[in-house]
$ cat upload.pdb   # PDB, C-alpha atoms, pLDDT in the B column
ATOM      1  CA  MET P 819     -12.510 -25.803   7.385  1.00 44.00           C
ATOM      2  CA  LYS P 820     -10.509 -22.578   7.177  1.00 41.00           C
ATOM      3  CA  PRO P 821      -9.122 -22.012   3.654  1.00 42.00           C
ATOM      4  CA  SER P 822      -5.380 -22.198   3.107  1.00 43.00           C
ATOM      5  CA  LYS P 823      -3.379 -19.180   2.023  1.00 47.00           C
ATOM      6  CA  LYS P 824      -3.049 -20.556  -1.478  1.00 46.00           C
ATOM      7  CA  GLN P 825      -6.833 -20.749  -1.618  1.00 46.00           C
ATOM      8  CA  LEU P 826      -7.049 -17.193  -0.293  1.00 50.00           C
ATOM      9  CA  ALA P 827      -4.835 -15.797  -3.033  1.00 49.00           C
ATOM     10  CA  PRO P 828      -7.438 -15.809  -5.851  1.00 49.00           C
ATOM     11  CA  ARG P 829     -10.020 -14.248  -3.537  1.00 51.00           C
ATOM     12  CA  LEU P 830      -7.589 -11.541  -2.492  1.00 52.00           C
ATOM     13  CA  LEU P 831      -6.658 -10.765  -6.075  1.00 48.00           C
ATOM     14  CA  ALA P 832     -10.348 -10.517  -6.959  1.00 50.00           C
ATOM     15  CA  SER P 833     -10.852  -8.061  -4.107  1.00 52.00           C
ATOM     16  CA  LEU P 834      -7.970  -5.938  -5.308  1.00 50.00           C
ATOM     17  CA  LEU P 835      -9.257  -5.954  -8.852  1.00 46.00           C
ATOM     18  CA  SER P 836     -12.647  -4.738  -7.685  1.00 50.00           C
ATOM     19  CA  ILE P 837     -11.370  -1.259  -6.826  1.00 45.00           C
ATOM     20  CA  ALA P 838     -10.164  -0.575 -10.365  1.00 40.00           C
ATOM     21  CA  VAL P 839      -8.727  -2.125 -13.497  1.00 37.00           C
ATOM     22  CA  MET P 840      -5.215  -3.009 -12.458  1.00 38.00           C
ATOM     23  CA  ALA P 841      -2.261  -1.615 -14.364  1.00 36.00           C
ATOM     24  CA  PRO P 842       0.127  -3.987 -16.234  1.00 36.00           C
ATOM     25  CA  MET P 843       2.566  -3.876 -13.331  1.00 38.00           C
ATOM     26  CA  THR P 844       0.347  -6.255 -11.310  1.00 36.00           C
ATOM     27  CA  PRO P 845       1.505  -9.911 -11.515  1.00 35.00           C
ATOM     28  CA  THR P 846      -0.202 -13.021 -10.149  1.00 34.00           C
ATOM     29  CA  TYR P 847       0.701 -14.047  -6.612  1.00 35.00           C
ATOM     30  CA  VAL P 848       0.645 -17.041  -4.321  1.00 38.00           C
ATOM     31  CA  LEU P 849       0.425 -16.217  -0.628  1.00 42.00           C
ATOM     32  CA  ALA P 850       2.761 -18.585   1.136  1.00 42.00           C
ATOM     33  CA  GLN P 851       4.279 -16.757   4.091  1.00 46.00           C
ATOM     34  CA  PRO P 852       2.733 -17.502   7.501  1.00 46.00           C
ATOM     35  CA  ALA P 853       0.847 -14.655   9.151  1.00 45.00           C
ATOM     36  CA  SER P 854       0.316 -14.096  12.866  1.00 47.00           C
ATOM     37  CA  GLN P 855      -3.414 -13.572  12.639  1.00 46.00           C
ATOM     38  CA  SER P 856      -5.345 -13.020  15.839  1.00 52.00           C
ATOM     39  CA  ASN P 857      -8.763 -14.576  16.335  1.00 64.00           C
ATOM     40  CA  ALA P 858     -10.599 -11.309  16.863  1.00 81.00           C
ATOM     41  CA  PRO P 859     -11.342  -9.444  13.612  1.00 90.00           C
ATOM     42  CA  LEU P 860     -10.508  -5.760  13.457  1.00 93.00           C
ATOM     43  CA  SER P 861     -13.356  -3.275  13.587  1.00 94.00           C
ATOM     44  CA  GLN P 862     -13.997  -0.907  10.707  1.00 95.00           C
ATOM     45  CA  GLN P 863     -12.548   1.922  12.813  1.00 95.00           C
ATOM     46  CA  GLN P 864      -9.358  -0.058  13.419  1.00 96.00           C
ATOM     47  CA  LEU P 865      -9.078  -0.965   9.743  1.00 97.00           C
ATOM     48  CA  SER P 866      -9.591   2.658   8.740  1.00 96.00           C
ATOM     49  CA  ALA P 867      -6.641   3.683  10.902  1.00 96.00           C
ATOM     50  CA  LEU P 868      -4.587   0.791   9.524  1.00 96.00           C
ATOM     51  CA  VAL P 869      -5.102   1.678   5.839  1.00 97.00           C
ATOM     52  CA  ALA P 870      -4.981   5.467   6.308  1.00 96.00           C
ATOM     53  CA  PRO P 871      -1.277   5.785   5.289  1.00 95.00           C
ATOM     54  CA  ILE P 872      -1.868   4.111   1.885  1.00 95.00           C
ATOM     55  CA  ALA P 873      -5.536   4.677   1.037  1.00 96.00           C
ATOM     56  CA  LEU P 874      -4.721   7.673  -1.161  1.00 95.00           C
ATOM     57  CA  TYR P 875      -2.015   5.886  -3.155  1.00 94.00           C
ATOM     58  CA  PRO P 876      -2.807   5.014  -6.796  1.00 94.00           C
ATOM     59  CA  ASP P 877      -4.591   1.697  -7.162  1.00 95.00           C
ATOM     60  CA  PRO P 878      -1.758  -0.230  -8.866  1.00 92.00           C
ATOM     61  CA  LEU P 879       0.584   0.687  -6.006  1.00 93.00           C
ATOM     62  CA  VAL P 880      -2.032  -0.095  -3.362  1.00 95.00           C
ATOM     63  CA  SER P 881      -2.408  -3.588  -4.808  1.00 94.00           C
ATOM     64  CA  GLN P 882       1.349  -4.189  -4.588  1.00 95.00           C
ATOM     65  CA  ILE P 883       1.505  -2.916  -1.002  1.00 95.00           C
ATOM     66  CA  LEU P 884      -1.401  -5.039   0.177  1.00 97.00           C
ATOM     67  CA  MET P 885       0.078  -8.174  -1.354  1.00 96.00           C
ATOM     68  CA  ALA P 886       3.598  -7.404  -0.113  1.00 96.00           C
ATOM     69  CA  SER P 887       2.336  -6.783   3.429  1.00 96.00           C
ATOM     70  CA  THR P 888       1.536 -10.496   3.689  1.00 96.00           C
ATOM     71  CA  TYR P 889       5.310 -11.069   3.478  1.00 96.00           C
ATOM     72  CA  PRO P 890       6.619  -8.774   6.269  1.00 95.00           C
ATOM     73  CA  LEU P 891       9.960 -10.553   6.665  1.00 95.00           C
ATOM     74  CA  GLU P 892      10.664 -10.210   2.961  1.00 96.00           C
ATOM     75  CA  VAL P 893       9.628  -6.548   3.122  1.00 96.00           C
ATOM     76  CA  SER P 894      12.205  -6.005   5.868  1.00 96.00           C
ATOM     77  CA  GLU P 895      14.926  -7.726   3.821  1.00 96.00           C
ATOM     78  CA  ALA P 896      13.997  -5.799   0.689  1.00 95.00           C
ATOM     79  CA  ALA P 897      13.996  -2.456   2.510  1.00 95.00           C
ATOM     80  CA  ASN P 898      17.505  -3.070   3.834  1.00 95.00           C
ATOM     81  CA  TRP P 899      18.649  -4.310   0.433  1.00 93.00           C
ATOM     82  CA  GLN P 900      17.222  -1.254  -1.309  1.00 93.00           C
ATOM     83  CA  LYS P 901      19.123   1.068   1.046  1.00 91.00           C
ATOM     84  CA  GLN P 902      22.370  -0.722   0.253  1.00 91.00           C
ATOM     85  CA  ASN P 903      21.690  -0.706  -3.479  1.00 89.00           C
ATOM     86  CA  SER P 904      19.955   2.642  -3.860  1.00 83.00           C
ATOM     87  CA  ARG P 905      22.075   3.604  -6.871  1.00 87.00           C
ATOM     88  CA  LEU P 906      20.816   0.723  -8.977  1.00 82.00           C
ATOM     89  CA  THR P 907      18.180   1.684 -11.542  1.00 80.00           C
ATOM     90  CA  GLY P 908      16.648   0.354 -14.739  1.00 82.00           C
ATOM     91  CA  PRO P 909      18.059  -2.882 -16.207  1.00 87.00           C
ATOM     92  CA  ALA P 910      20.801  -3.046 -13.576  1.00 87.00           C
ATOM     93  CA  LEU P 911      18.193  -3.059 -10.816  1.00 87.00           C
ATOM     94  CA  ASP P 912      16.068  -5.635 -12.624  1.00 85.00           C
ATOM     95  CA  SER P 913      19.088  -7.877 -13.060  1.00 88.00           C
ATOM     96  CA  ALA P 914      20.092  -7.594  -9.393  1.00 88.00           C
ATOM     97  CA  LEU P 915      16.560  -8.451  -8.270  1.00 89.00           C
ATOM     98  CA  GLN P 916      16.620 -11.703 -10.233  1.00 89.00           C
ATOM     99  CA  SER P 917      18.817 -13.296  -7.581  1.00 89.00           C
ATOM    100  CA  GLN P 918      16.350 -12.483  -4.786  1.00 92.00           C
ATOM    101  CA  ASN P 919      13.680 -14.995  -3.808  1.00 92.00           C
ATOM    102  CA  TRP P 920      11.141 -12.434  -2.621  1.00 94.00           C
ATOM    103  CA  ASP P 921       7.531 -12.457  -3.731  1.00 95.00           C
ATOM    104  CA  PRO P 922       6.966 -10.461  -6.967  1.00 94.00           C
ATOM    105  CA  SER P 923       4.942  -7.878  -5.040  1.00 95.00           C
ATOM    106  CA  VAL P 924       7.887  -7.242  -2.702  1.00 95.00           C
ATOM    107  CA  LYS P 925      10.305  -6.997  -5.630  1.00 93.00           C
ATOM    108  CA  SER P 926       8.041  -4.493  -7.364  1.00 92.00           C
ATOM    109  CA  LEU P 927       8.199  -2.150  -4.363  1.00 94.00           C
ATOM    110  CA  VAL P 928      11.986  -1.836  -4.650  1.00 92.00           C
ATOM    111  CA  SER P 929      11.240   0.567  -7.506  1.00 90.00           C
ATOM    112  CA  PHE P 930       9.197   2.660  -5.062  1.00 91.00           C
ATOM    113  CA  PRO P 931      11.635   3.336  -2.184  1.00 91.00           C
ATOM    114  CA  GLN P 932       9.262   5.681  -0.369  1.00 91.00           C
ATOM    115  CA  ALA P 933       6.571   3.006  -0.060  1.00 93.00           C
ATOM    116  CA  LEU P 934       9.032   0.208   0.699  1.00 94.00           C
ATOM    117  CA  GLN P 935      10.933   2.186   3.343  1.00 94.00           C
ATOM    118  CA  MET P 936       7.668   3.232   4.977  1.00 93.00           C
ATOM    119  CA  MET P 937       6.726  -0.437   5.310  1.00 95.00           C
ATOM    120  CA  GLY P 938      10.195  -1.460   6.410  1.00 94.00           C
ATOM    121  CA  SER P 939      10.408   1.270   9.061  1.00 92.00           C
ATOM    122  CA  ASP P 940       7.242   0.066  10.792  1.00 94.00           C
ATOM    123  CA  LEU P 941       7.083  -3.713  10.494  1.00 94.00           C
ATOM    124  CA  ASN P 942       4.485  -3.940  13.234  1.00 95.00           C
ATOM    125  CA  TRP P 943       2.099  -1.920  11.070  1.00 96.00           C
ATOM    126  CA  THR P 944       3.099  -3.878   7.965  1.00 96.00           C
ATOM    127  CA  GLN P 945       2.379  -7.219   9.622  1.00 95.00           C
ATOM    128  CA  LYS P 946      -0.970  -6.019  10.986  1.00 95.00           C
ATOM    129  CA  LEU P 947      -1.908  -4.857   7.500  1.00 96.00           C
ATOM    130  CA  GLY P 948      -0.900  -8.203   6.013  1.00 95.00           C
ATOM    131  CA  ASP P 949      -2.863 -10.121   8.628  1.00 95.00           C
ATOM    132  CA  ALA P 950      -5.924  -7.985   7.877  1.00 95.00           C
ATOM    133  CA  VAL P 951      -5.501  -8.521   4.144  1.00 96.00           C
ATOM    134  CA  LEU P 952      -5.469 -12.279   4.628  1.00 95.00           C
ATOM    135  CA  ALA P 953      -8.279 -12.460   7.153  1.00 92.00           C
ATOM    136  CA  GLN P 954     -10.565  -9.553   6.201  1.00 92.00           C
ATOM    137  CA  GLN P 955     -10.016  -8.845   2.537  1.00 93.00           C
ATOM    138  CA  SER P 956     -13.325  -7.213   1.728  1.00 94.00           C
ATOM    139  CA  ASP P 957     -13.267  -5.207   4.960  1.00 96.00           C
ATOM    140  CA  VAL P 958      -9.838  -3.815   4.066  1.00 96.00           C
ATOM    141  CA  MET P 959     -11.085  -2.697   0.654  1.00 96.00           C
ATOM    142  CA  THR P 960     -14.174  -1.144   2.250  1.00 95.00           C
ATOM    143  CA  ALA P 961     -11.962   0.777   4.684  1.00 96.00           C
ATOM    144  CA  ILE P 962      -9.811   2.095   1.834  1.00 97.00           C
ATOM    145  CA  GLN P 963     -12.890   3.329   0.012  1.00 96.00           C
ATOM    146  CA  ALA P 964     -14.256   4.930   3.190  1.00 95.00           C
ATOM    147  CA  MET P 965     -11.028   6.854   3.765  1.00 95.00           C
ATOM    148  CA  ARG P 966     -10.909   8.000   0.154  1.00 96.00           C
ATOM    149  CA  ALA P 967     -14.455   9.289   0.521  1.00 95.00           C
ATOM    150  CA  LYS P 968     -13.457  11.255   3.637  1.00 95.00           C
ATOM    151  CA  ALA P 969     -10.436  12.784   1.892  1.00 94.00           C
ATOM    152  CA  LYS P 970     -12.565  13.727  -1.091  1.00 94.00           C
ATOM    153  CA  GLN P 971     -15.239  15.257   1.125  1.00 93.00           C
ATOM    154  CA  ALA P 972     -12.536  17.249   2.916  1.00 92.00           C
ATOM    155  CA  GLY P 973     -11.372  18.605  -0.447  1.00 92.00           C
ATOM    156  CA  ASN P 974      -8.031  16.824  -0.324  1.00 92.00           C
ATOM    157  CA  LEU P 975      -8.499  14.209  -3.039  1.00 92.00           C
ATOM    158  CA  SER P 976      -8.905  15.290  -6.650  1.00 91.00           C
ATOM    159  CA  SER P 977      -7.223  14.802 -10.002  1.00 92.00           C
ATOM    160  CA  THR P 978      -3.736  16.302 -10.357  1.00 90.00           C
ATOM    161  CA  PRO P 979      -1.029  16.233 -13.027  1.00 90.00           C
ATOM    162  CA  GLN P 980       0.286  13.122 -11.237  1.00 89.00           C
ATOM    163  CA  GLN P 981      -2.905  11.085 -10.854  1.00 90.00           C
ATOM    164  CA  THR P 982      -6.558  10.973 -11.874  1.00 93.00           C
ATOM    165  CA  VAL P 983      -9.398  10.464  -9.417  1.00 94.00           C
ATOM    166  CA  SER P 984     -12.661   9.090 -10.763  1.00 94.00           C
ATOM    167  CA  THR P 985     -15.666   7.141  -9.557  1.00 91.00           C
ATOM    168  CA  SER P 986     -17.366   3.977 -10.780  1.00 90.00           C
ATOM    169  CA  GLY P 987     -20.642   3.644  -8.936  1.00 88.00           C
ATOM    170  CA  GLN P 988     -19.613   4.228  -5.339  1.00 89.00           C
ATOM    171  CA  THR P 989     -16.010   3.145  -5.904  1.00 94.00           C
ATOM    172  CA  ILE P 990     -13.332   5.856  -5.929  1.00 95.00           C
ATOM    173  CA  ILE P 991     -10.570   4.977  -8.376  1.00 95.00           C
ATOM    174  CA  ILE P 992      -7.084   6.499  -8.291  1.00 94.00           C
ATOM    175  CA  GLN P 993      -4.913   5.888 -11.345  1.00 94.00           C
ATOM    176  CA  PRO P 994      -1.626   7.405 -12.565  1.00 92.00           C
ATOM    177  CA  ALA P 995      -2.250  10.272 -14.978  1.00 90.00           C
ATOM    178  CA  ASN P 996       0.464   8.734 -17.147  1.00 89.00           C
ATOM    179  CA  PRO P 997       0.182   4.926 -17.073  1.00 86.00           C
ATOM    180  CA  GLN P 998       3.960   4.672 -17.460  1.00 86.00           C
ATOM    181  CA  VAL P 999       4.783   6.803 -14.401  1.00 86.00           C
ATOM    182  CA  VAL P1000       3.571   6.292 -10.838  1.00 89.00           C
ATOM    183  CA  TYR P1001       3.876   9.033  -8.223  1.00 86.00           C
ATOM    184  CA  VAL P1002       3.831   8.164  -4.526  1.00 89.00           C
ATOM    185  CA  PRO P1003       1.910  10.809  -2.570  1.00 90.00           C
ATOM    186  CA  THR P1004       3.121  12.115   0.776  1.00 90.00           C
ATOM    187  CA  TYR P1005       0.566  13.145   3.372  1.00 90.00           C
ATOM    188  CA  ASN P1006      -0.248  13.180   7.066  1.00 91.00           C
ATOM    189  CA  PRO P1007      -3.013  10.601   7.678  1.00 93.00           C
ATOM    190  CA  ALA P1008      -4.179  12.475  10.786  1.00 91.00           C
ATOM    191  CA  VAL P1009      -4.883  15.628   8.736  1.00 91.00           C
ATOM    192  CA  VAL P1010      -5.657  14.814   5.099  1.00 92.00           C
ATOM    193  CA  TYR P1011      -8.990  13.113   5.879  1.00 93.00           C
ATOM    194  CA  GLY P1012     -10.299  16.070   7.862  1.00 92.00           C
ATOM    195  CA  PRO P1013     -10.785  15.849  11.632  1.00 92.00           C
ATOM    196  CA  TRP P1014      -9.840  12.285  12.535  1.00 92.00           C
ATOM    197  CA  PRO P1015     -13.148  10.519  13.262  1.00 88.00           C
ATOM    198  CA  TYR P1016     -11.837   7.690  15.473  1.00 92.00           C
ATOM    199  CA  PRO P1017      -9.914   9.130  18.473  1.00 92.00           C
ATOM    200  CA  ALA P1018      -9.652   5.694  20.067  1.00 94.00           C
ATOM    201  CA  TYR P1019      -7.763   4.414  17.007  1.00 95.00           C
ATOM    202  CA  PRO P1020      -5.356   7.066  15.727  1.00 94.00           C
ATOM    203  CA  PRO P1021      -3.563   6.419  12.413  1.00 93.00           C
ATOM    204  CA  PRO P1022       0.166   5.655  12.329  1.00 91.00           C
ATOM    205  CA  PRO P1023       2.450   8.691  12.335  1.00 89.00           C
ATOM    206  CA  PRO P1024       3.207  10.071   8.867  1.00 86.00           C
ATOM    207  CA  TYR P1025       6.247   8.806   6.985  1.00 85.00           C
ATOM    208  CA  TYR P1026       8.258  11.507   5.270  1.00 81.00           C
ATOM    209  CA  PRO P1027      10.911  10.392   2.769  1.00 76.00           C
ATOM    210  CA  PRO P1028      14.457  11.749   3.057  1.00 74.00           C
ATOM    211  CA  GLY P1029      14.698  15.259   1.660  1.00 66.00           C
ATOM    212  CA  TYR P1030      10.979  15.907   1.984  1.00 62.00           C
ATOM    213  CA  VAL P1031      10.102  19.577   2.290  1.00 63.00           C
ATOM    214  CA  ALA P1032       6.650  20.378   3.627  1.00 64.00           C
ATOM    215  CA  GLY P1033       4.545  22.631   1.414  1.00 57.00           C
ATOM    216  CA  THR P1034       1.104  24.146   1.640  1.00 55.00           C
ATOM    217  CA  ALA P1035      -0.679  21.209  -0.032  1.00 63.00           C
ATOM    218  CA  LEU P1036      -1.869  18.403   2.264  1.00 73.00           C
ATOM    219  CA  LEU P1037      -1.158  15.891  -0.513  1.00 65.00           C
ATOM    220  CA  SER P1038       2.208  16.300  -2.253  1.00 73.00           C
ATOM    221  CA  PHE P1039       4.193  14.297  -4.779  1.00 65.00           C
ATOM    222  CA  GLY P1040       7.875  13.624  -5.285  1.00 66.00           C
ATOM    223  CA  VAL P1041       9.623  12.210  -8.332  1.00 62.00           C
ATOM    224  CA  GLY P1042       7.583   9.814 -10.460  1.00 56.00           C
ATOM    225  CA  MET P1043       8.805   6.245 -10.892  1.00 64.00           C
ATOM    226  CA  ALA P1044       8.576   4.387 -14.180  1.00 63.00           C
TER     227      ALA P1044
END

$ encode --input "upload.pdb" --output "structure tokens"
Amino acid sequence: MKPSKKQLAPRLLASLLSIAVMAPMTPTYVLAQPASQSNAPLSQQQLSALVAPIALYPDPLVSQILMASTYPLEVSEAANWQKQNSRLTGPALDSALQSQNWDPSVKSLVSFPQALQMMGSDLNWTQKLGDAVLAQQSDVMTAIQAMRAKAKQAGNLSSTPQQTVSTSGQTIIIQPANPQVVYVPTYNPAVVYGPWPYPAYPPPPPYYPPGYVAGTALLSFGVGMA
């Protein structure tokens, strides 16, 4: 018998925890939103393309995105809500979020507009990611690690003032340099990993936040979020 989504939740959380020790921002989740999973599992090449836009994000943020992607309709609502309430910050934002019934992972992304708007602007990608998270948890984590290894080999993933990159065995861990501040990196998935190895499965086009100015670095950072 195929396990229910509530039964999948602990397994998913365990998979997320395996890539690093999660930061305090990670709550406990129950996966309850239906997903439109197809019967055919995605290949490792397809999964690599799917996770390419987020594989180089810090681990605590990756965990939120993967969990939130299993709630694509809520992500869409939250992205629209965030645009309309972009001036809210701090306690005022926390208070306003109390009235929303979104999953905690979706609520957490409101504090990271770049990540939330990226997901909201391409709901097809978001839903595919969520379906893969629910159906192929370990494969998704393997794909993230594979893409990190490619970026590191290409010389585009290393410790910066914004984040630290370390290894534990064969696992590449990305953590905020300051545990209280998380920076969302901006990069072109088709370039940052070196020559794209899977021409049949290109990554999604890059998402550039409003006001983004391209620099010489392939991996850049905006304003950190507490």

$ atom_distance --input "upload.pdb" --atom1 "CA of Gln954 in chain P" --atom2 "CA of Pro871 in chain P"
18.0 Å

$ atom_distance --input "upload.pdb" --atom1 "CA of Tyr1019 in chain P" --atom2 "CA of Gln945 in chain P"
17.1 Å

$ atom_distance --input "upload.pdb" --atom1 "CA of Leu952 in chain P" --atom2 "CA of Thr1004 in chain P"
26.1 Å

$ residues_around --input "upload.pdb" --residues "range 928-934 of chain P" --least-positions-apart "5" --cutoff "10 Å" --atoms "all atoms listed in the file" --output "PyMOL selection string"
chain P and resi 871-872+875+879-880+882-883+886+893-894+896-901+903-904+906-908+911-912+915+923+939+1000-1004+1025-1028+1040+1042-1044

$ resolve_selection --input "upload.pdb" --expression "the PyMOL selection byres ((chain P and resi 964) around 12)" --output "VMD selection string"
chain P and resid 862 to 863 865 to 867 869 to 870 873 to 874 957 to 963 965 to 971 988 to 990 1011 1015

$ closest_residue --input "upload.pdb" --among "P:Pro994, P:Pro1017, P:Pro909, P:Pro1007" --to "Leu868 in chain P" --atoms "all atoms listed in the file"
P:Pro1007

$ resolve_selection --input "upload.pdb" --expression "the PyMOL selection byres ((chain P and resi 890) around 9)" --output "short mmCIF file (atom, residue, chain, number, x, y, z; two decimals) with C-alpha atoms, in the frame of the given file"
data_model
loop_
_atom_site.label_atom_id
_atom_site.label_comp_id
_atom_site.auth_asym_id
_atom_site.auth_seq_id
_atom_site.Cartn_x
_atom_site.Cartn_y
_atom_site.Cartn_z
CA GLN P 851 4.28 -16.76 4.09
CA ALA P 853 0.85 -14.66 9.15
CA ALA P 886 3.60 -7.40 -0.11
CA SER P 887 2.34 -6.78 3.43
CA THR P 888 1.54 -10.50 3.69
CA TYR P 889 5.31 -11.07 3.48
CA LEU P 891 9.96 -10.55 6.66
CA GLU P 892 10.66 -10.21 2.96
CA VAL P 893 9.63 -6.55 3.12
CA SER P 894 12.20 -6.00 5.87
CA GLU P 895 14.93 -7.73 3.82
CA MET P 937 6.73 -0.44 5.31
CA GLY P 938 10.20 -1.46 6.41
CA LEU P 941 7.08 -3.71 10.49
CA ASN P 942 4.49 -3.94 13.23
CA THR P 944 3.10 -3.88 7.96
CA GLN P 945 2.38 -7.22 9.62
CA GLY P 948 -0.90 -8.20 6.01
#

$ residues_around --input "upload.pdb" --residues "range 980-985 of chain P" --least-positions-apart "6" --cutoff "8 Å" --atoms "only C-alpha atoms" --output "list in words"
Pro876, Ile991, Ile992, Gln993, Pro994, Ala995, Asn996, Val1000, Tyr1001 and Phe1039 of chain P

$ closest_residue --input "upload.pdb" --among "P:Leu1036, P:Ser956, P:Ser913, P:Ser926" --to "Gly1012 in chain P" --atoms "all atoms listed in the file"
P:Leu1036
